[in-house]
Amino acid sequence: MSLALYGHPFSSYTQKVLIALYENGTLFEFRCIGPETPQHSAEWLRRWPLRKFPLLVDGERSIVESSIIIEYLQLAHPGPVRLLPVDPMAALNVRFLDRFFDLHVMEAMQVAVDSALKRVPIRSEDGLALATERLERAYAWLEGQLAGGTWAAGGDFTLADCAAAPSLFYADWTHRISEAYPVLSAYRTRLLARPSFARAVEEARPYRHYFPLGAPDRD
């Protein structure tokens, strides 16, 4: 099998790529990175010493960064679900929304996680407060942006939704999406019902104890 994905089921960015693979039924080998699989860790670090996952290997080619991996899959291993529109302007909007979810939702949430894990020199309560402030701004913008559409960029499931699913999943665990954002809350519910993401969520369920803020019983 030529395609192999290095990552971890509980990793948001790994899940983002898994969604794309599952959407198209793409055949691949998942190589989980963890203490039980030192051979996978060694090969991952040999190919990408910056210590970030996921990493996609296609034969002798290594592809990193979740958005780039998904675009690569569409070019090199296309399937029935097109995650980037053909129209350049529509594709640009999808890429913007992809970056919004990664940078303004996922990374905002990560501030709280990193402070709780002592990866950054701020108190956990301060990290949570900063994440809450940033997420509230993102939630408010998304509430208007998503109005009237089924998926992030309109009627079609795209790269933007691959990014949105794990972003909003973990962000809601960090700072609950309130009743003030019914459109956003309904969108998160639709994402959880999407078979590709539902599968990723189930595969990650055994690792919920890793979430340093305490994983809720819901979802």
# chains A, B, ... in the order shown; residues from 1 in each chain; ligands from 1

call {"tool": "residues_around", "arguments": {"residues": "A:Thr26", "least_positions_apart": "4", "cutoff": "10 Å", "atoms": "only C-alpha atoms", "output": "list in words"}}
result
Leu3, Leu18, Ala20, Leu21, Tyr22, Leu73, His77, Pro78 and Gly79 of chain A

call {"tool": "write_last_selection", "arguments": {"atoms": "all heavy atoms", "output": "PDB file, in the first residue's frame"}}
result
ATOM      1  N   LEU A   3       0.054   4.576   0.389  1.00  0.00           N
ATOM      2  CA  LEU A   3      -0.258   5.675   1.302  1.00  0.00           C
ATOM      3  C   LEU A   3      -0.172   5.230   2.755  1.00  0.00           C
ATOM      4  O   LEU A   3      -0.755   4.206   3.149  1.00  0.00           O
ATOM      5  CB  LEU A   3      -1.670   6.203   1.038  1.00  0.00           C
ATOM      6  CG  LEU A   3      -1.883   7.112  -0.159  1.00  0.00           C
ATOM      7  CD1 LEU A   3      -3.343   7.528  -0.241  1.00  0.00           C
ATOM      8  CD2 LEU A   3      -0.987   8.339  -0.089  1.00  0.00           C
ATOM      9  N   LEU A  18      -7.845  12.499   8.461  1.00  0.00           N
ATOM     10  CA  LEU A  18      -8.633  11.266   8.450  1.00  0.00           C
ATOM     11  C   LEU A  18     -10.014  11.506   7.851  1.00  0.00           C
ATOM     12  O   LEU A  18     -10.527  10.667   7.100  1.00  0.00           O
ATOM     13  CB  LEU A  18      -8.763  10.706   9.873  1.00  0.00           C
ATOM     14  CG  LEU A  18      -7.518  10.056  10.466  1.00  0.00           C
ATOM     15  CD1 LEU A  18      -7.734   9.741  11.940  1.00  0.00           C
ATOM     16  CD2 LEU A  18      -7.148   8.784   9.697  1.00  0.00           C
ATOM     17  N   ALA A  20     -10.861  13.609   5.545  1.00  0.00           N
ATOM     18  CA  ALA A  20     -10.709  13.672   4.089  1.00  0.00           C
ATOM     19  C   ALA A  20     -10.521  12.275   3.495  1.00  0.00           C
ATOM     20  O   ALA A  20     -11.102  11.944   2.449  1.00  0.00           O
ATOM     21  CB  ALA A  20      -9.537  14.570   3.725  1.00  0.00           C
ATOM     22  N   LEU A  21      -9.720  11.452   4.134  1.00  0.00           N
ATOM     23  CA  LEU A  21      -9.493  10.093   3.651  1.00  0.00           C
ATOM     24  C   LEU A  21     -10.772   9.262   3.714  1.00  0.00           C
ATOM     25  O   LEU A  21     -11.104   8.536   2.774  1.00  0.00           O
ATOM     26  CB  LEU A  21      -8.391   9.425   4.476  1.00  0.00           C
ATOM     27  CG  LEU A  21      -6.971   9.963   4.255  1.00  0.00           C
ATOM     28  CD1 LEU A  21      -6.059   9.546   5.400  1.00  0.00           C
ATOM     29  CD2 LEU A  21      -6.408   9.460   2.921  1.00  0.00           C
ATOM     30  N   TYR A  22     -11.503   9.387   4.822  1.00  0.00           N
ATOM     31  CA  TYR A  22     -12.742   8.623   4.987  1.00  0.00           C
ATOM     32  C   TYR A  22     -13.830   9.102   4.027  1.00  0.00           C
ATOM     33  O   TYR A  22     -14.640   8.308   3.546  1.00  0.00           O
ATOM     34  CB  TYR A  22     -13.240   8.718   6.424  1.00  0.00           C
ATOM     35  CG  TYR A  22     -12.344   8.072   7.456  1.00  0.00           C
ATOM     36  CD1 TYR A  22     -12.379   8.460   8.795  1.00  0.00           C
ATOM     37  CD2 TYR A  22     -11.439   7.072   7.104  1.00  0.00           C
ATOM     38  CE1 TYR A  22     -11.571   7.874   9.746  1.00  0.00           C
ATOM     39  CE2 TYR A  22     -10.613   6.479   8.048  1.00  0.00           C
ATOM     40  CZ  TYR A  22     -10.681   6.886   9.373  1.00  0.00           C
ATOM     41  OH  TYR A  22      -9.877   6.305  10.323  1.00  0.00           O
ATOM     42  N   LEU A  73      -4.003  15.061  -1.606  1.00  0.00           N
ATOM     43  CA  LEU A  73      -4.860  13.901  -1.842  1.00  0.00           C
ATOM     44  C   LEU A  73      -5.825  14.158  -2.989  1.00  0.00           C
ATOM     45  O   LEU A  73      -6.084  13.268  -3.805  1.00  0.00           O
ATOM     46  CB  LEU A  73      -5.633  13.552  -0.561  1.00  0.00           C
ATOM     47  CG  LEU A  73      -4.824  12.918   0.569  1.00  0.00           C
ATOM     48  CD1 LEU A  73      -5.647  12.870   1.853  1.00  0.00           C
ATOM     49  CD2 LEU A  73      -4.362  11.518   0.184  1.00  0.00           C
ATOM     50  N   HIS A  77      -4.753  11.556  -5.440  1.00  0.00           N
ATOM     51  CA  HIS A  77      -5.640  10.424  -5.148  1.00  0.00           C
ATOM     52  C   HIS A  77      -7.081  10.908  -5.071  1.00  0.00           C
ATOM     53  O   HIS A  77      -7.726  10.801  -4.025  1.00  0.00           O
ATOM     54  CB  HIS A  77      -5.219   9.745  -3.841  1.00  0.00           C
ATOM     55  CG  HIS A  77      -3.822   9.224  -3.852  1.00  0.00           C
ATOM     56  ND1 HIS A  77      -3.485   7.973  -4.336  1.00  0.00           N
ATOM     57  CD2 HIS A  77      -2.652   9.798  -3.456  1.00  0.00           C
ATOM     58  CE1 HIS A  77      -2.182   7.789  -4.234  1.00  0.00           C
ATOM     59  NE2 HIS A  77      -1.646   8.881  -3.704  1.00  0.00           N
ATOM     60  N   PRO A  78      -7.604  11.470  -6.140  1.00  0.00           N
ATOM     61  CA  PRO A  78      -8.958  12.034  -6.105  1.00  0.00           C
ATOM     62  C   PRO A  78     -10.016  10.954  -5.894  1.00  0.00           C
ATOM     63  O   PRO A  78      -9.831   9.791  -6.266  1.00  0.00           O
ATOM     64  CB  PRO A  78      -9.096  12.691  -7.476  1.00  0.00           C
ATOM     65  CG  PRO A  78      -8.161  11.918  -8.358  1.00  0.00           C
ATOM     66  CD  PRO A  78      -6.998  11.557  -7.481  1.00  0.00           C
ATOM     67  N   GLY A  79     -11.117  11.374  -5.269  1.00  0.00           N
ATOM     68  CA  GLY A  79     -12.234  10.470  -5.032  1.00  0.00           C
ATOM     69  C   GLY A  79     -13.531  11.147  -5.414  1.00  0.00           C
ATOM     70  O   GLY A  79     -13.532  12.226  -6.013  1.00  0.00           O
TER      71      GLY A  79
END

call {"tool": "residues_around", "arguments": {"residues": "A:Phe53", "least_positions_apart": "4", "cutoff": "12 Å", "atoms": "only C-alpha atoms", "output": "number ranges by chain"}}
result
A: 5-17, 31-34, 40-41, 44-45, 47-49, 57, 62-67, 69

call {"tool": "write_last_selection", "arguments": {"atoms": "N, CA and C atoms", "output": "compact mmCIF listing (two decimals), in the first residue's frame"}}
result
# COMPACT_ATOMS: atom_id res chain seq x y z
N LEU A 5 -0.34 7.13 6.76
CA LEU A 5 -0.54 8.35 7.55
C LEU A 5 0.01 8.13 8.95
N TYR A 6 0.97 8.98 9.33
CA TYR A 6 1.52 8.97 10.68
C TYR A 6 0.79 10.02 11.51
N GLY A 7 0.32 9.64 12.68
CA GLY A 7 -0.37 10.59 13.54
C GLY A 7 -0.93 9.88 14.75
N HIS A 8 -1.90 10.53 15.40
CA HIS A 8 -2.55 9.93 16.56
C HIS A 8 -4.04 10.19 16.47
N PRO A 9 -4.89 9.21 16.83
CA PRO A 9 -6.33 9.37 16.69
C PRO A 9 -6.92 10.54 17.47
N PHE A 10 -6.28 10.94 18.57
CA PHE A 10 -6.82 12.02 19.39
C PHE A 10 -6.35 13.39 18.93
N SER A 11 -5.42 13.42 18.01
CA SER A 11 -4.88 14.67 17.47
C SER A 11 -5.88 15.33 16.52
N SER A 12 -6.16 16.60 16.76
CA SER A 12 -7.13 17.31 15.93
C SER A 12 -6.69 17.37 14.48
N TYR A 13 -5.42 17.64 14.24
CA TYR A 13 -4.95 17.77 12.86
C TYR A 13 -4.86 16.41 12.16
N THR A 14 -4.60 15.36 12.94
CA THR A 14 -4.68 14.02 12.36
C THR A 14 -6.12 13.71 11.97
N GLN A 15 -7.06 14.05 12.84
CA GLN A 15 -8.47 13.83 12.53
C GLN A 15 -8.89 14.59 11.27
N LYS A 16 -8.39 15.78 11.11
CA LYS A 16 -8.72 16.59 9.93
C LYS A 16 -8.39 15.83 8.65
N VAL A 17 -7.23 15.21 8.60
CA VAL A 17 -6.83 14.45 7.41
C VAL A 17 -7.61 13.14 7.33
N ARG A 31 -0.48 4.69 10.77
CA ARG A 31 0.65 4.34 11.63
C ARG A 31 0.61 5.25 12.86
N CYS A 32 0.06 4.70 13.92
CA CYS A 32 -0.14 5.47 15.15
C CYS A 32 1.20 5.75 15.83
N ILE A 33 1.39 6.98 16.25
CA ILE A 33 2.60 7.38 16.93
C ILE A 33 2.36 7.33 18.43
N GLY A 34 3.13 6.52 19.13
CA GLY A 34 2.98 6.39 20.56
C GLY A 34 4.04 5.48 21.12
N HIS A 40 7.30 3.46 14.41
CA HIS A 40 6.58 4.52 13.71
C HIS A 40 7.13 5.89 14.09
N SER A 41 7.40 6.07 15.37
CA SER A 41 7.94 7.34 15.83
C SER A 41 9.29 7.62 15.19
N TRP A 44 8.76 8.53 11.52
CA TRP A 44 8.13 9.86 11.47
C TRP A 44 9.16 10.96 11.68
N LEU A 45 9.99 10.83 12.71
CA LEU A 45 10.99 11.85 13.01
C LEU A 45 12.10 11.89 11.97
N ARG A 47 11.63 11.41 8.83
CA ARG A 47 11.06 12.11 7.67
C ARG A 47 10.67 13.55 7.99
N TRP A 48 10.35 13.85 9.25
CA TRP A 48 9.89 15.20 9.60
C TRP A 48 10.37 15.55 11.01
N PRO A 49 11.61 16.00 11.15
CA PRO A 49 12.20 16.26 12.46
C PRO A 49 11.59 17.44 13.21
N VAL A 57 2.77 9.75 3.85
CA VAL A 57 3.82 9.19 3.00
C VAL A 57 3.16 8.51 1.82
N SER A 62 7.04 12.57 1.02
CA SER A 62 6.50 12.92 2.34
C SER A 62 5.76 14.25 2.23
N ILE A 63 4.54 14.30 2.77
CA ILE A 63 3.73 15.52 2.72
C ILE A 63 3.30 15.85 4.14
N VAL A 64 3.49 17.11 4.53
CA VAL A 64 3.13 17.54 5.88
C VAL A 64 2.20 18.75 5.80
N GLU A 65 1.65 19.11 6.98
CA GLU A 65 0.66 20.17 7.15
C GLU A 65 -0.70 19.69 6.63
N SER A 66 -1.67 19.65 7.53
CA SER A 66 -2.95 19.01 7.23
C SER A 66 -3.64 19.56 5.99
N SER A 67 -3.66 20.88 5.82
CA SER A 67 -4.33 21.46 4.66
C SER A 67 -3.64 21.05 3.36
N ILE A 69 -1.82 18.37 2.93
CA ILE A 69 -2.06 16.94 2.72
C ILE A 69 -3.39 16.72 2.01

call {"tool": "atom_distance", "arguments": {"atom1": "atom CA of A:Ala4", "atom2": "atom CA of A:Leu103"}}
result
26.2 Å

call {"tool": "select_by_dssp", "arguments": {"residues": "chain A", "states": "helix (DSSP H, G or I)", "output": "ChimeraX atom specification"}}
result
/A:12-23,38-47,66-76,88-116,124-145,159-174,182-193,195-210

call {"tool": "atom_distance", "arguments": {"atom1": "atom CA of A:His175", "atom2": "atom CA of A:Glu125"}}
result
12.6 Å

call {"tool": "closest_residue", "arguments": {"among": "A:Leu192, A:Ala129, A:Ile122, A:Ala164", "to": "A:Asp102", "atoms": "only C-alpha atoms"}}
result
A:Ala164

call {"tool": "residues_around", "arguments": {"residues": "stretch 159-163 of chain A", "least_positions_apart": "2", "cutoff": "10 Å", "atoms": "only C-alpha atoms", "output": "count of residues only"}}
result
44

call {"tool": "atom_distance", "arguments": {"atom1": "atom CA of A:Pro54", "atom2": "atom CA of A:Glu203"}}
result
15.7 Å

call {"tool": "closest_residue", "arguments": {"among": "A:Ala140, A:Arg190, A:Pro121, A:Val111", "to": "A:Ser178", "atoms": "only C-alpha atoms"}}
result
A:Ala140

call {"tool": "closest_residue", "arguments": {"among": "A:Arg199, A:Arg137, A:Thr174, A:Thr189", "to": "A:Asp114", "atoms": "only C-alpha atoms"}}
result
A:Thr174

call {"tool": "closest_residue", "arguments": {"among": "A:Leu142, A:Leu128, A:Leu184, A:Leu50", "to": "A:Ala116", "atoms": "only C-alpha atoms"}}
result
A:Leu128

call {"tool": "select_by_dssp", "arguments": {"residues": "stretch 11-208 of chain A", "states": "strand (DSSP E or B)", "output": "list in words"}}
result
Glu29, Phe30, Arg31, Cys32, Leu55, Leu56, Val57, Asp58, Arg61, Ser62, Ile63, Val64, Trp151 and Gly154 of chain A

call {"tool": "closest_residue", "arguments": {"among": "A:Leu117, A:Ala131, A:Val81, A:Ile177", "to": "A:Phe211", "atoms": "only C-alpha atoms"}}
result
A:Leu117
